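Student: For reference, this is upload14.txt, and it has compact mmCIF, N, CA and C atoms.
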# COMPACT_ATOMS: atom_id res chain seq x y z
N MET A 17 278.24 -208.28 -39.12
CA MET A 17 278.20 -208.67 -37.75
C MET A 17 277.32 -207.75 -36.91
N ASP A 18 277.19 -206.59 -37.34
CA ASP A 18 276.29 -205.70 -36.60
C ASP A 18 274.87 -206.23 -36.61
N PHE A 19 274.54 -206.80 -37.71
CA PHE A 19 273.17 -207.31 -37.85
C PHE A 19 272.92 -208.44 -36.86
N GLU A 20 273.90 -209.35 -36.75
CA GLU A 20 273.76 -210.46 -35.81
C GLU A 20 273.72 -209.94 -34.38
N HIS A 21 274.51 -208.96 -34.10
CA HIS A 21 274.54 -208.40 -32.75
C HIS A 21 273.20 -207.77 -32.40
N ALA A 22 272.53 -207.13 -33.36
CA ALA A 22 271.25 -206.47 -33.10
C ALA A 22 270.16 -207.50 -32.87
N ILE A 23 270.26 -208.62 -33.55
CA ILE A 23 269.23 -209.66 -33.37
C ILE A 23 269.42 -210.36 -32.05
N LYS A 24 270.63 -210.67 -31.71
CA LYS A 24 270.89 -211.40 -30.49
C LYS A 24 270.87 -210.52 -29.26
N MET A 25 270.91 -209.29 -29.42
CA MET A 25 270.97 -208.38 -28.29
C MET A 25 269.63 -208.40 -27.56
N ASP A 26 269.67 -208.58 -26.28
CA ASP A 26 268.47 -208.63 -25.46
C ASP A 26 268.03 -207.22 -25.11
N VAL A 27 266.89 -206.85 -25.57
CA VAL A 27 266.38 -205.52 -25.29
C VAL A 27 265.40 -205.65 -24.15
N ARG A 28 265.58 -204.87 -23.14
CA ARG A 28 264.70 -204.94 -21.98
C ARG A 28 263.61 -203.89 -22.11
N ASN A 29 262.47 -204.33 -22.65
CA ASN A 29 261.34 -203.42 -22.73
C ASN A 29 260.15 -203.98 -21.92
N ASN A 30 260.41 -204.89 -21.03
CA ASN A 30 259.36 -205.45 -20.18
C ASN A 30 258.67 -204.39 -19.33
N PRO A 31 259.35 -203.43 -18.82
CA PRO A 31 258.65 -202.45 -17.99
C PRO A 31 257.65 -201.62 -18.76
N ILE A 32 257.73 -201.62 -20.07
CA ILE A 32 256.78 -200.84 -20.86
C ILE A 32 255.50 -201.68 -20.99
N VAL A 33 254.38 -201.18 -20.51
CA VAL A 33 253.10 -201.88 -20.53
C VAL A 33 252.09 -201.01 -21.24
N ARG A 34 251.32 -201.62 -22.11
CA ARG A 34 250.29 -200.85 -22.80
C ARG A 34 249.13 -200.61 -21.86
N GLU A 35 248.57 -199.49 -21.90
CA GLU A 35 247.40 -199.17 -21.10
C GLU A 35 246.17 -199.80 -21.72
N LEU A 36 245.21 -200.19 -20.85
CA LEU A 36 243.97 -200.73 -21.35
C LEU A 36 243.08 -199.60 -21.80
N ASP A 37 242.47 -199.78 -22.94
CA ASP A 37 241.57 -198.76 -23.45
C ASP A 37 240.19 -199.02 -22.82
N GLN A 38 239.72 -198.14 -21.95
CA GLN A 38 238.47 -198.32 -21.22
C GLN A 38 237.26 -198.35 -22.15
N ALA A 39 237.26 -197.53 -23.14
CA ALA A 39 236.13 -197.50 -24.08
C ALA A 39 236.04 -198.82 -24.84
N ARG A 40 237.17 -199.33 -25.24
CA ARG A 40 237.18 -200.61 -25.96
C ARG A 40 236.72 -201.75 -25.05
N GLN A 41 237.10 -201.74 -23.80
CA GLN A 41 236.68 -202.77 -22.83
C GLN A 41 235.16 -202.73 -22.63
N ARG A 42 234.59 -201.52 -22.49
CA ARG A 42 233.14 -201.40 -22.32
C ARG A 42 232.41 -201.94 -23.55
N GLU A 43 232.92 -201.59 -24.73
CA GLU A 43 232.29 -202.07 -25.95
C GLU A 43 232.37 -203.59 -26.04
N LEU A 44 233.49 -204.19 -25.66
CA LEU A 44 233.65 -205.65 -25.66
C LEU A 44 232.63 -206.30 -24.72
N TRP A 45 232.47 -205.76 -23.52
CA TRP A 45 231.50 -206.31 -22.56
C TRP A 45 230.07 -206.17 -23.08
N ARG A 46 229.76 -205.06 -23.72
CA ARG A 46 228.43 -204.88 -24.28
C ARG A 46 228.13 -205.96 -25.33
N TRP A 47 229.08 -206.18 -26.23
CA TRP A 47 228.87 -207.19 -27.27
C TRP A 47 228.77 -208.60 -26.67
N MET A 48 229.53 -208.85 -25.60
CA MET A 48 229.45 -210.15 -24.92
C MET A 48 228.05 -210.34 -24.32
N LEU A 49 227.51 -209.28 -23.71
CA LEU A 49 226.16 -209.37 -23.14
C LEU A 49 225.11 -209.57 -24.22
N VAL A 50 225.23 -208.84 -25.32
CA VAL A 50 224.29 -209.00 -26.43
C VAL A 50 224.37 -210.42 -26.98
N GLY A 51 225.57 -210.92 -27.18
CA GLY A 51 225.74 -212.29 -27.68
C GLY A 51 225.19 -213.32 -26.70
N GLY A 52 225.45 -213.13 -25.41
CA GLY A 52 224.91 -214.04 -24.40
C GLY A 52 223.38 -214.02 -24.38
N ALA A 53 222.79 -212.81 -24.53
CA ALA A 53 221.33 -212.70 -24.57
C ALA A 53 220.77 -213.43 -25.79
N LEU A 54 221.42 -213.28 -26.94
CA LEU A 54 220.96 -213.97 -28.15
C LEU A 54 221.04 -215.50 -27.98
N VAL A 55 222.14 -215.96 -27.41
CA VAL A 55 222.28 -217.40 -27.17
C VAL A 55 221.19 -217.88 -26.21
N GLY A 56 220.90 -217.09 -25.17
CA GLY A 56 219.84 -217.46 -24.23
C GLY A 56 218.48 -217.53 -24.89
N VAL A 57 218.18 -216.56 -25.76
CA VAL A 57 216.89 -216.56 -26.48
C VAL A 57 216.80 -217.77 -27.39
N ILE A 58 217.87 -218.08 -28.08
CA ILE A 58 217.87 -219.24 -28.98
C ILE A 58 217.68 -220.53 -28.20
N LEU A 59 218.40 -220.68 -27.07
CA LEU A 59 218.25 -221.89 -26.25
C LEU A 59 216.84 -222.02 -25.70
N PHE A 60 216.24 -220.89 -25.25
CA PHE A 60 214.89 -220.92 -24.73
C PHE A 60 213.90 -221.32 -25.84
N SER A 61 214.10 -220.79 -27.03
CA SER A 61 213.23 -221.11 -28.16
C SER A 61 213.32 -222.60 -28.51
N LEU A 62 214.54 -223.14 -28.54
CA LEU A 62 214.72 -224.56 -28.82
C LEU A 62 214.09 -225.43 -27.74
N TRP A 63 214.25 -225.02 -26.48
CA TRP A 63 213.68 -225.77 -25.38
C TRP A 63 212.15 -225.82 -25.51
N GLN A 64 211.53 -224.69 -25.85
CA GLN A 64 210.08 -224.65 -26.03
C GLN A 64 209.66 -225.55 -27.19
N ARG A 65 210.41 -225.51 -28.26
CA ARG A 65 210.06 -226.31 -29.43
C ARG A 65 210.14 -227.80 -29.11
N PHE A 66 211.22 -228.23 -28.43
CA PHE A 66 211.36 -229.64 -28.08
C PHE A 66 210.30 -230.07 -27.06
N SER A 67 209.92 -229.16 -26.18
CA SER A 67 208.85 -229.48 -25.22
C SER A 67 207.54 -229.71 -25.96
N VAL A 68 207.24 -228.89 -26.93
CA VAL A 68 206.02 -229.06 -27.71
C VAL A 68 206.05 -230.38 -28.47
N MET A 69 207.19 -230.71 -29.04
CA MET A 69 207.31 -231.97 -29.77
C MET A 69 207.14 -233.16 -28.84
N ARG A 70 207.71 -233.09 -27.63
CA ARG A 70 207.59 -234.18 -26.66
C ARG A 70 206.14 -234.36 -26.24
N VAL A 71 205.44 -233.25 -25.96
CA VAL A 71 204.04 -233.32 -25.56
C VAL A 71 203.18 -233.87 -26.71
N ALA A 72 203.47 -233.45 -27.94
CA ALA A 72 202.72 -233.96 -29.09
C ALA A 72 202.91 -235.48 -29.22
N THR A 73 204.11 -235.95 -29.00
CA THR A 73 204.37 -237.38 -29.05
C THR A 73 203.60 -238.11 -27.96
N GLN A 74 203.57 -237.54 -26.76
CA GLN A 74 202.82 -238.16 -25.66
C GLN A 74 201.33 -238.19 -25.97
N ILE A 75 200.81 -237.14 -26.58
CA ILE A 75 199.39 -237.09 -26.93
C ILE A 75 199.07 -238.16 -27.97
N GLU A 76 199.92 -238.31 -28.97
CA GLU A 76 199.70 -239.35 -29.98
C GLU A 76 199.72 -240.73 -29.35
N SER A 77 200.65 -240.95 -28.44
CA SER A 77 200.74 -242.24 -27.76
C SER A 77 199.48 -242.50 -26.94
N ALA A 78 199.00 -241.48 -26.22
CA ALA A 78 197.80 -241.63 -25.41
C ALA A 78 196.58 -241.90 -26.29
N GLU A 79 196.48 -241.21 -27.42
CA GLU A 79 195.36 -241.44 -28.34
C GLU A 79 195.40 -242.85 -28.91
N ARG A 80 196.59 -243.32 -29.24
CA ARG A 80 196.74 -244.68 -29.76
C ARG A 80 196.31 -245.70 -28.70
N GLN A 81 196.75 -245.48 -27.47
CA GLN A 81 196.39 -246.39 -26.38
C GLN A 81 194.88 -246.34 -26.12
N LEU A 82 194.29 -245.15 -26.21
CA LEU A 82 192.84 -245.01 -26.01
C LEU A 82 192.07 -245.79 -27.07
N SER A 83 192.51 -245.71 -28.32
CA SER A 83 191.82 -246.45 -29.38
C SER A 83 191.96 -247.96 -29.16
N GLN A 84 193.12 -248.40 -28.68
CA GLN A 84 193.30 -249.82 -28.39
C GLN A 84 192.38 -250.26 -27.26
N GLU A 85 192.25 -249.42 -26.23
CA GLU A 85 191.38 -249.74 -25.10
C GLU A 85 189.91 -249.76 -25.55
N HIS A 86 189.52 -248.86 -26.44
CA HIS A 86 188.15 -248.88 -26.96
C HIS A 86 187.88 -250.17 -27.73
N GLU A 87 188.85 -250.60 -28.52
CA GLU A 87 188.70 -251.85 -29.26
C GLU A 87 188.58 -253.04 -28.31
N LEU A 88 189.41 -253.05 -27.27
CA LEU A 88 189.34 -254.12 -26.27
C LEU A 88 187.98 -254.11 -25.56
N GLN A 89 187.50 -252.92 -25.22
CA GLN A 89 186.20 -252.80 -24.56
C GLN A 89 185.08 -253.32 -25.48
N ARG A 90 185.15 -253.02 -26.75
CA ARG A 90 184.15 -253.49 -27.71
C ARG A 90 184.15 -255.02 -27.77
N ARG A 91 185.37 -255.60 -27.86
CA ARG A 91 185.47 -257.07 -27.90
C ARG A 91 184.93 -257.71 -26.63
N LEU A 92 185.26 -257.12 -25.47
CA LEU A 92 184.79 -257.68 -24.20
C LEU A 92 183.27 -257.58 -24.07
N ARG A 93 182.69 -256.49 -24.54
CA ARG A 93 181.23 -256.36 -24.51
C ARG A 93 180.57 -257.42 -25.39
N LEU A 94 181.16 -257.65 -26.57
CA LEU A 94 180.63 -258.69 -27.44
C LEU A 94 180.70 -260.06 -26.77
N GLU A 95 181.81 -260.32 -26.09
CA GLU A 95 181.95 -261.61 -25.41
C GLU A 95 180.96 -261.74 -24.27
N VAL A 96 180.73 -260.67 -23.52
CA VAL A 96 179.75 -260.70 -22.44
C VAL A 96 178.36 -260.97 -23.00
N GLU A 97 178.03 -260.29 -24.10
CA GLU A 97 176.72 -260.51 -24.73
C GLU A 97 176.58 -261.95 -25.21
N ARG A 98 177.65 -262.50 -25.77
CA ARG A 98 177.60 -263.87 -26.25
C ARG A 98 177.44 -264.85 -25.09
N LEU A 99 178.19 -264.62 -24.01
CA LEU A 99 178.14 -265.54 -22.88
C LEU A 99 176.85 -265.42 -22.09
N SER A 100 176.23 -264.25 -22.09
CA SER A 100 175.01 -264.08 -21.29
C SER A 100 173.74 -264.20 -22.13
N ALA A 101 173.86 -264.74 -23.32
CA ALA A 101 172.69 -264.94 -24.17
C ALA A 101 171.78 -265.98 -23.52
N PRO A 102 170.47 -265.73 -23.45
CA PRO A 102 169.55 -266.66 -22.79
C PRO A 102 169.56 -268.06 -23.42
N ARG A 103 169.69 -268.15 -24.71
CA ARG A 103 169.70 -269.47 -25.36
C ARG A 103 170.91 -270.29 -24.91
N ARG A 104 172.06 -269.66 -24.81
CA ARG A 104 173.27 -270.35 -24.37
C ARG A 104 173.13 -270.81 -22.92
N ILE A 105 172.60 -269.95 -22.08
CA ILE A 105 172.42 -270.31 -20.66
C ILE A 105 171.46 -271.48 -20.52
N GLU A 106 170.41 -271.46 -21.33
CA GLU A 106 169.44 -272.56 -21.29
C GLU A 106 170.10 -273.87 -21.71
N GLN A 107 170.92 -273.84 -22.75
CA GLN A 107 171.61 -275.06 -23.20
C GLN A 107 172.56 -275.58 -22.13
N LEU A 108 173.29 -274.68 -21.47
CA LEU A 108 174.20 -275.10 -20.40
C LEU A 108 173.43 -275.71 -19.24
N ALA A 109 172.27 -275.13 -18.90
CA ALA A 109 171.47 -275.66 -17.80
C ALA A 109 170.94 -277.05 -18.15
N LEU A 110 170.50 -277.26 -19.38
CA LEU A 110 170.01 -278.57 -19.79
C LEU A 110 171.12 -279.62 -19.74
N ARG A 111 172.30 -279.26 -20.21
CA ARG A 111 173.44 -280.19 -20.13
C ARG A 111 173.79 -280.52 -18.69
N ALA A 112 173.78 -279.50 -17.83
CA ALA A 112 174.11 -279.72 -16.42
C ALA A 112 173.05 -280.60 -15.76
N ARG A 113 171.78 -280.42 -16.13
CA ARG A 113 170.72 -281.24 -15.54
C ARG A 113 170.88 -282.69 -15.96
N MET A 114 171.28 -282.93 -17.22
CA MET A 114 171.48 -284.29 -17.68
C MET A 114 172.63 -284.95 -16.94
N VAL A 115 173.68 -284.22 -16.69
CA VAL A 115 174.84 -284.78 -15.99
C VAL A 115 174.46 -285.09 -14.55
N HIS A 116 173.72 -284.19 -13.91
CA HIS A 116 173.36 -284.40 -12.51
C HIS A 116 172.26 -285.44 -12.36
N ALA A 117 171.44 -285.69 -13.36
CA ALA A 117 170.39 -286.70 -13.28
C ALA A 117 171.00 -288.09 -13.19
N ASP A 118 172.16 -288.28 -13.77
CA ASP A 118 172.83 -289.58 -13.73
C ASP A 118 173.45 -289.86 -12.37
N ARG A 119 173.78 -288.84 -11.64
CA ARG A 119 174.43 -289.02 -10.33
C ARG A 119 173.38 -289.31 -9.26
N ALA A 120 173.84 -289.88 -8.15
CA ALA A 120 172.93 -290.15 -7.03
C ALA A 120 172.59 -288.84 -6.33
N THR A 121 171.37 -288.74 -5.86
CA THR A 121 170.97 -287.52 -5.13
C THR A 121 171.51 -287.59 -3.72
N THR A 122 171.73 -286.45 -3.13
CA THR A 122 172.28 -286.37 -1.79
C THR A 122 171.22 -285.81 -0.86
N ARG A 123 171.12 -286.38 0.31
CA ARG A 123 170.16 -285.93 1.30
C ARG A 123 170.92 -285.57 2.57
N ILE A 124 170.63 -284.41 3.14
CA ILE A 124 171.29 -283.97 4.36
C ILE A 124 170.26 -283.92 5.48
N VAL A 125 170.58 -284.60 6.55
CA VAL A 125 169.70 -284.62 7.71
C VAL A 125 170.37 -283.82 8.80
N VAL A 126 169.66 -282.85 9.35
CA VAL A 126 170.22 -282.00 10.41
C VAL A 126 169.45 -282.30 11.69
N ARG A 127 170.18 -282.74 12.74
CA ARG A 127 169.56 -283.03 14.04
C ARG A 127 170.30 -282.24 15.11
N PRO A 128 169.60 -281.56 15.96
CA PRO A 128 170.27 -280.84 17.04
C PRO A 128 170.84 -281.82 18.06
N VAL A 129 171.94 -281.47 18.70
CA VAL A 129 172.55 -282.30 19.73
C VAL A 129 171.73 -282.13 21.01
N GLU A 130 171.44 -283.22 21.66
CA GLU A 130 170.63 -283.14 22.87
C GLU A 130 171.52 -282.87 24.07
N GLY A 131 171.00 -282.03 25.01
CA GLY A 131 171.75 -281.69 26.22
C GLY A 131 171.51 -282.72 27.31
N ALA A 132 171.93 -282.44 28.50
CA ALA A 132 171.76 -283.34 29.64
C ALA A 132 170.27 -283.46 29.99
N GLY A 133 169.81 -284.65 30.31
CA GLY A 133 168.43 -284.87 30.72
C GLY A 133 167.46 -284.86 29.56
N GLY A 134 167.90 -285.02 28.33
CA GLY A 134 167.00 -285.10 27.20
C GLY A 134 166.55 -283.76 26.67
N GLU A 135 166.98 -282.64 27.24
CA GLU A 135 166.58 -281.33 26.75
C GLU A 135 167.40 -280.96 25.52
N GLN A 136 166.78 -280.21 24.64
CA GLN A 136 167.52 -279.77 23.46
C GLN A 136 168.39 -278.56 23.82
N VAL A 137 169.53 -278.47 23.16
CA VAL A 137 170.44 -277.35 23.38
C VAL A 137 169.86 -276.13 22.71
N ALA A 138 170.11 -274.94 23.27
CA ALA A 138 169.55 -273.69 22.74
C ALA A 138 170.02 -273.44 21.32
N ALA A 139 169.24 -272.66 20.60
CA ALA A 139 169.57 -272.35 19.21
C ALA A 139 170.90 -271.63 19.13
N GLY A 140 171.63 -271.83 18.06
CA GLY A 140 172.92 -271.18 17.87
C GLY A 140 174.07 -271.99 18.43
N THR A 141 173.80 -273.15 19.00
CA THR A 141 174.88 -273.98 19.52
C THR A 141 175.21 -275.06 18.50
N GLU A 142 175.98 -276.02 18.87
CA GLU A 142 176.49 -277.03 17.96
C GLU A 142 175.36 -277.87 17.39
N VAL A 143 175.43 -278.11 16.07
CA VAL A 143 174.44 -278.93 15.37
C VAL A 143 175.20 -280.04 14.65
N ARG A 144 174.72 -281.25 14.75
CA ARG A 144 175.36 -282.39 14.10
C ARG A 144 174.70 -282.59 12.75
N ILE A 145 175.48 -282.68 11.69
CA ILE A 145 174.97 -282.86 10.33
C ILE A 145 175.36 -284.24 9.85
N VAL A 146 174.34 -284.98 9.41
CA VAL A 146 174.58 -286.32 8.90
C VAL A 146 174.16 -286.33 7.45
N ALA A 147 175.03 -286.78 6.57
CA ALA A 147 174.71 -286.82 5.15
C ALA A 147 174.67 -288.26 4.69
N HIS A 148 173.63 -288.59 3.94
CA HIS A 148 173.48 -289.93 3.36
C HIS A 148 173.22 -289.75 1.88
N THR A 149 173.80 -290.60 1.09
CA THR A 149 173.45 -290.57 -0.32
C THR A 149 172.24 -291.45 -0.52
N ALA A 150 171.55 -291.24 -1.61
CA ALA A 150 170.32 -291.99 -1.87
C ALA A 150 170.62 -293.48 -1.98
N ARG A 151 171.75 -293.83 -2.52
CA ARG A 151 172.08 -295.25 -2.68
C ARG A 151 172.34 -295.91 -1.33
N SER A 152 173.06 -295.20 -0.43
CA SER A 152 173.35 -295.83 0.87
C SER A 152 172.10 -295.94 1.71
N VAL A 153 171.19 -294.99 1.61
CA VAL A 153 169.93 -295.08 2.35
C VAL A 153 169.09 -296.21 1.79
N ALA A 154 169.04 -296.32 0.48
CA ALA A 154 168.28 -297.40 -0.14
C ALA A 154 168.87 -298.74 0.22
N GLY A 155 170.18 -298.83 0.29
CA GLY A 155 170.83 -300.09 0.65
C GLY A 155 170.60 -300.43 2.11
N ALA A 156 170.41 -299.45 2.97
CA ALA A 156 170.21 -299.70 4.39
C ALA A 156 168.80 -300.24 4.65
N HIS A 157 167.84 -299.90 3.82
CA HIS A 157 166.47 -300.37 4.02
C HIS A 157 166.26 -301.77 3.48
N ARG A 158 167.14 -302.36 2.74
CA ARG A 158 166.96 -303.71 2.18
C ARG A 158 167.14 -304.77 3.15
Would you mind writing the file out in C-alpha cells?

Tutor:
Amino acid sequence: MDFEHAIKMDVRNNPIVRELDQARQRELWRWMLVGGALVGVILFSLWQRFSVMRVATQIESAERQLSQEHELQRRLRLEVERLSAPRRIEQLALRARMVHADRATTRIVVRPVEGAGGEQVAAGTEVRIVAHTARSVAGAHR
C-alpha cells in the first residue's frame, strides 16, 4: 500500500522552474538564422532557374511565330507577284473589254444652269447633268 500511496500522492513541485540556458538559446538562434539563410539562397536559386526556363520558353515561342510569319510573308509575296503579272493583267483587260463592248455606251452631257436674263451662272455653282445611253439617243433620232 505504500507504493500506491506514493503514486497517488500529489507532489507540488510546480514552483520549481528550470532556468533557461542563455548559451544554448544563442546557439539555437544562430542555427535558425543559418538555416533560414540557406532556405533563402535555395529559394532564390530556384526562382532564377524557373525565370530562365520561362524566358527560354518565350523565346522559342517567339522564334516559332517569327518563322510562321516569314512563311506567310513568302506566300503573300508569291501571290502578289502572280496577281500583278503583266500577262494576267492583259488577259483580264481583254476579257473586260469584250464584256463592255457588248453593252451600250453611255454619254454624259453637262450643261450649266442659266441664271436670270439668260446669263450663265458663275463657275462653281450648280450644274445639271443629263445622261443618255447610246440606244435611247439613237431611238430619239428615228

Student: For atom C of Ser83 (chain A) and CA of Arg65 (chain A), determine how far apart the two atoms are, in Å to one decimal place.

Tutor: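 Calculated distance between atom C of Ser83 (chain A) and CA of Arg65 (chain A) is 28.2 Å.
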
Student: Provide the CA of Gln38 (chain A) to atom N of Gly56 (chain A) distance in Å, to one decimal place.

Tutor: 26.0 Å

Student: Could the centre and edge lengths of an axis-aligned box, enclosing all atoms of region 42-57 of chain A in the file with 8 Å extra on each side, be given in Å to one decimal as AutoDock Vina command-line options?

Tutor:
--center_x 225.7 --center_y -209.6 --center_z -25.2 --size_x 33.8 --size_y 32.5 --size_z 21.8

Student: Can you tell me how far atom C of Ile75 (chain A) sits from CA of Glu87 (chain A), in Å to one decimal?

Tutor: 17.2 Å
